[in-house]
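A.B. asks: Okay, here's the structure, questions in a sec.
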Amino acid sequence: MRQMWGGSLSERRPTRVLVDMDGVLADFERGFERAWNDHFPNVPRTVAAPARGWKIIDRLVRRLGPLVKDVVHAPGFFAGLPPLPGALVGVREMRRALPDLWICTRPQVRYENCVPEKYAWVQRHLGREWTRRIVVVRDKTIVDADWLIDDDPTLARAIDARWRLVLFDAPYNRGAQGTPRMTWLTWRDVLRPVGKRTAKG
Ligand SMILES: [Mg+2]
C-alpha cells in the first residue's frame, strides 16, 4: 500500500477511519421525503426549503411539526433509506485502501426500530460481513480513530476527540468553515497521512 494511506512506518497501527451512516452512506433526506409522502400525502412538504441549522430532524420538526418523529420512528424507515449516490462503491474502495474502517452511527434515542434496521441496511447494501464493522454510539467522541467522516459540522467543536473530522459535503453544512470536506468522488484527495495522533488541525 502506498505510504499516503498508511502514514509513517513508525505508527503502531494502520490509519483508522470512522464513516457516518445518515447523510454519508444513507440518504436520510431523500428517504424522509419519500416516507413523509407515504405517511401524510396531503400535508404540504417543505423539506426542500433552504436549510437553517444542520440537524435534519430539528429542521424538519421546526417546519413540519412533531409528525416528523412518527415518520422517522416508524418501522421500516431506516431500513428503507436509499444509499447516497456513489456511497456504496466509494466506501468499498475506501475500505480497500484503509482496511481499518468502521461504520460509526448515532442511534435514535428511540432505538427499537432504528438500531436493528441500520444493521439490516448495511447487510442489504454492503453484505453481511460489513455488519461486523458497525459502531453504534450516541457520543462519537469516545471512539478512538484517526478520521471521522461525518455530515455533522458541530463535531468540529469536539476538542477532546481523538479523530479529525472530515465533513461529508451536504447543502445543510456548507456554512461550516475551516474543516476539510469530501464527497465520494474526492475522498482520495482529502484523506492524508495522519502522522502523530495528537497533531490536530
Ligand atoms: Mg450523519
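Residue numbering restarts at 1 for every chain of the C-alpha cells, chains are lettered A, B, ... in their displayed order, and ligands are numbered from 1 as they appear.
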As a quick test: using only C-alpha atoms and all ligand atoms, which residues lie no more than 9 Å away from ligand 1? Give them as a ChimeraX atom specification.
C.D. replies: /A:20-26,28,55-56,105-106,149-152,168
A.B. asks: Output the selection as a CSV table (one decimal), in the first residue's frame - N, CA and C atoms for each residue.
C.D. replies:
chain,number,residue,atom,x,y,z
A,20,ASP,N,-19.7,7.8,9.0
A,20,ASP,CA,-21.0,8.0,9.5
A,20,ASP,C,-22.0,7.3,8.5
A,21,MET,N,-23.2,7.0,9.0
A,21,MET,CA,-24.2,6.4,8.1
A,21,MET,C,-25.2,7.5,7.5
A,22,ASP,N,-26.0,8.1,8.3
A,22,ASP,CA,-27.0,9.0,7.8
A,22,ASP,C,-26.4,10.3,7.2
A,23,GLY,N,-26.7,10.5,6.0
A,23,GLY,CA,-26.1,11.7,5.3
A,23,GLY,C,-24.7,11.5,4.7
A,24,VAL,N,-24.2,10.2,4.9
A,24,VAL,CA,-22.9,9.9,4.3
A,24,VAL,C,-23.0,8.6,3.5
A,25,LEU,N,-23.6,7.6,4.1
A,25,LEU,CA,-23.9,6.4,3.3
A,25,LEU,C,-25.4,6.3,2.9
A,26,ALA,N,-26.2,6.6,3.9
A,26,ALA,CA,-27.7,6.5,3.6
A,26,ALA,C,-28.2,7.9,3.4
A,28,PHE,N,-30.7,10.2,4.1
A,28,PHE,CA,-31.7,10.4,5.0
A,28,PHE,C,-32.8,11.4,4.4
A,55,LYS,N,-29.0,20.0,11.9
A,55,LYS,CA,-29.7,18.8,12.4
A,55,LYS,C,-31.0,18.5,11.6
A,56,ILE,N,-30.9,17.5,10.9
A,56,ILE,CA,-32.0,17.3,9.9
A,56,ILE,C,-33.4,17.1,10.6
A,105,THR,N,-22.3,5.1,13.8
A,105,THR,CA,-23.6,5.7,13.7
A,105,THR,C,-24.2,6.0,15.0
A,106,ARG,N,-24.9,7.1,15.1
A,106,ARG,CA,-25.5,7.6,16.3
A,106,ARG,C,-27.0,7.2,16.3
A,149,ILE,N,-15.5,10.7,9.2
A,149,ILE,CA,-16.2,11.3,8.1
A,149,ILE,C,-17.7,11.4,8.4
A,150,ASP,N,-18.2,12.6,8.5
A,150,ASP,CA,-19.5,12.9,9.0
A,150,ASP,C,-20.1,14.1,8.4
A,151,ASP,N,-21.4,14.2,8.3
A,151,ASP,CA,-22.0,15.4,7.8
A,151,ASP,C,-22.4,16.4,8.9
A,152,ASP,N,-22.1,16.1,10.1
A,152,ASP,CA,-22.5,17.0,11.2
A,152,ASP,C,-21.3,18.0,11.5
A,168,PHE,N,-18.6,15.5,5.4
A,168,PHE,CA,-19.1,15.0,4.2
A,168,PHE,C,-20.0,16.1,3.6
A.B. asks: Run DSSP on the backbone and tell me which residues of range 19-188 of chain A come out as helix (DSSP H, G or I); list them as a ChimeraX atom specification.
C.D. replies: /A:28-39,56-64,67-73,87-97,111-126,128-133,140-142,153-157,171-173,187-188
A.B. asks: Could you check which of A:Arg34, A:His73, A:Lys118, A:Arg92 is closest to Thr131 in chain A, using only C-alpha atoms?
C.D. replies: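 Selected residue with least distance to Thr131 in chain A: A:Lys118.
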A.B. asks: I'd like the interatomic distance between CA of Asn173 in chain A and CA of Lys69 in chain A, to a tenth of an Å.
C.D. replies: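 Taking CA of Asn173 in chain A as the start and CA of Lys69 in chain A as the end point, the length is 21.9 Å.
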A.B. asks: Looking at A:Arg188, A:Asp27, A:Val17, A:Val72, which one is nearest to Val135 in chain A, with distances taken over only C-alpha atoms?
C.D. replies: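 Among the listed residues, A:Val17 lies closest to Val135 in chain A.
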A.B. asks: Could you work out how far CA of Arg181 in chain A lies from CA of Leu81 in chain A, giving the answer in Å with one decimal?
C.D. replies: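 Atom-to-atom, CA of Leu81 in chain A and CA of Arg181 in chain A are spaced 23.0 Å apart.
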A.B. asks: Which parts of range 6-145 of chain A does DSSP call strand (DSSP E) when run on the backbone here, written out as a tab-separated table (two decimals) with C-alpha atoms, in the first residue's frame?
C.D. replies:
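File written: states.tsv
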chain	number	residue	atom	x	y	z
A	16	ARG	CA	-8.44	4.04	11.36
A	17	VAL	CA	-11.43	5.69	9.70
A	18	LEU	CA	-14.97	6.06	11.01
A	19	VAL	CA	-17.70	6.57	8.42
A	100	ASP	CA	-9.31	-0.35	9.49
A	101	LEU	CA	-12.60	1.26	8.51
A	102	TRP	CA	-15.72	1.27	10.69
A	103	ILE	CA	-19.24	2.47	10.15
A	104	CYS	CA	-19.97	4.73	13.11
A	105	THR	CA	-23.57	5.71	13.66
A	134	ILE	CA	-20.64	-1.18	12.80
A	135	VAL	CA	-20.11	1.01	15.86
A	136	VAL	CA	-23.39	2.24	17.36
A.B. asks: Please measure the separation of CA of Ala35 in chain A and CA of Cys114 in chain A, giving the value in Å to one decimal.
C.D. replies: 14.5 Å
A.B. asks: Taking only C-alpha atoms into account, name the residue in A:Gln177, A:Gly65, A:Glu129, A:Phe77 that is nearest to Glu33 in chain A.
C.D. replies: A:Phe77
A.B. asks: Here is a test: counting only C-alpha atoms, which residue of A:Gln123, A:Pro107, A:Leu185, A:Ala156 is nearest to Met94 in chain A?
C.D. replies: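 Of the candidates, the smallest distance to Met94 in chain A is held by A:Leu185.
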A.B. asks: Val143 in chain A: which residues within 8 Å, counting only C-alpha atoms, same-chain residues fewer than 3 positions away excluded, as a list in words?
C.D. replies: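 So, after excluding close chain neighbours, the residues are Lys140, Ala161 and Arg162 of chain A.
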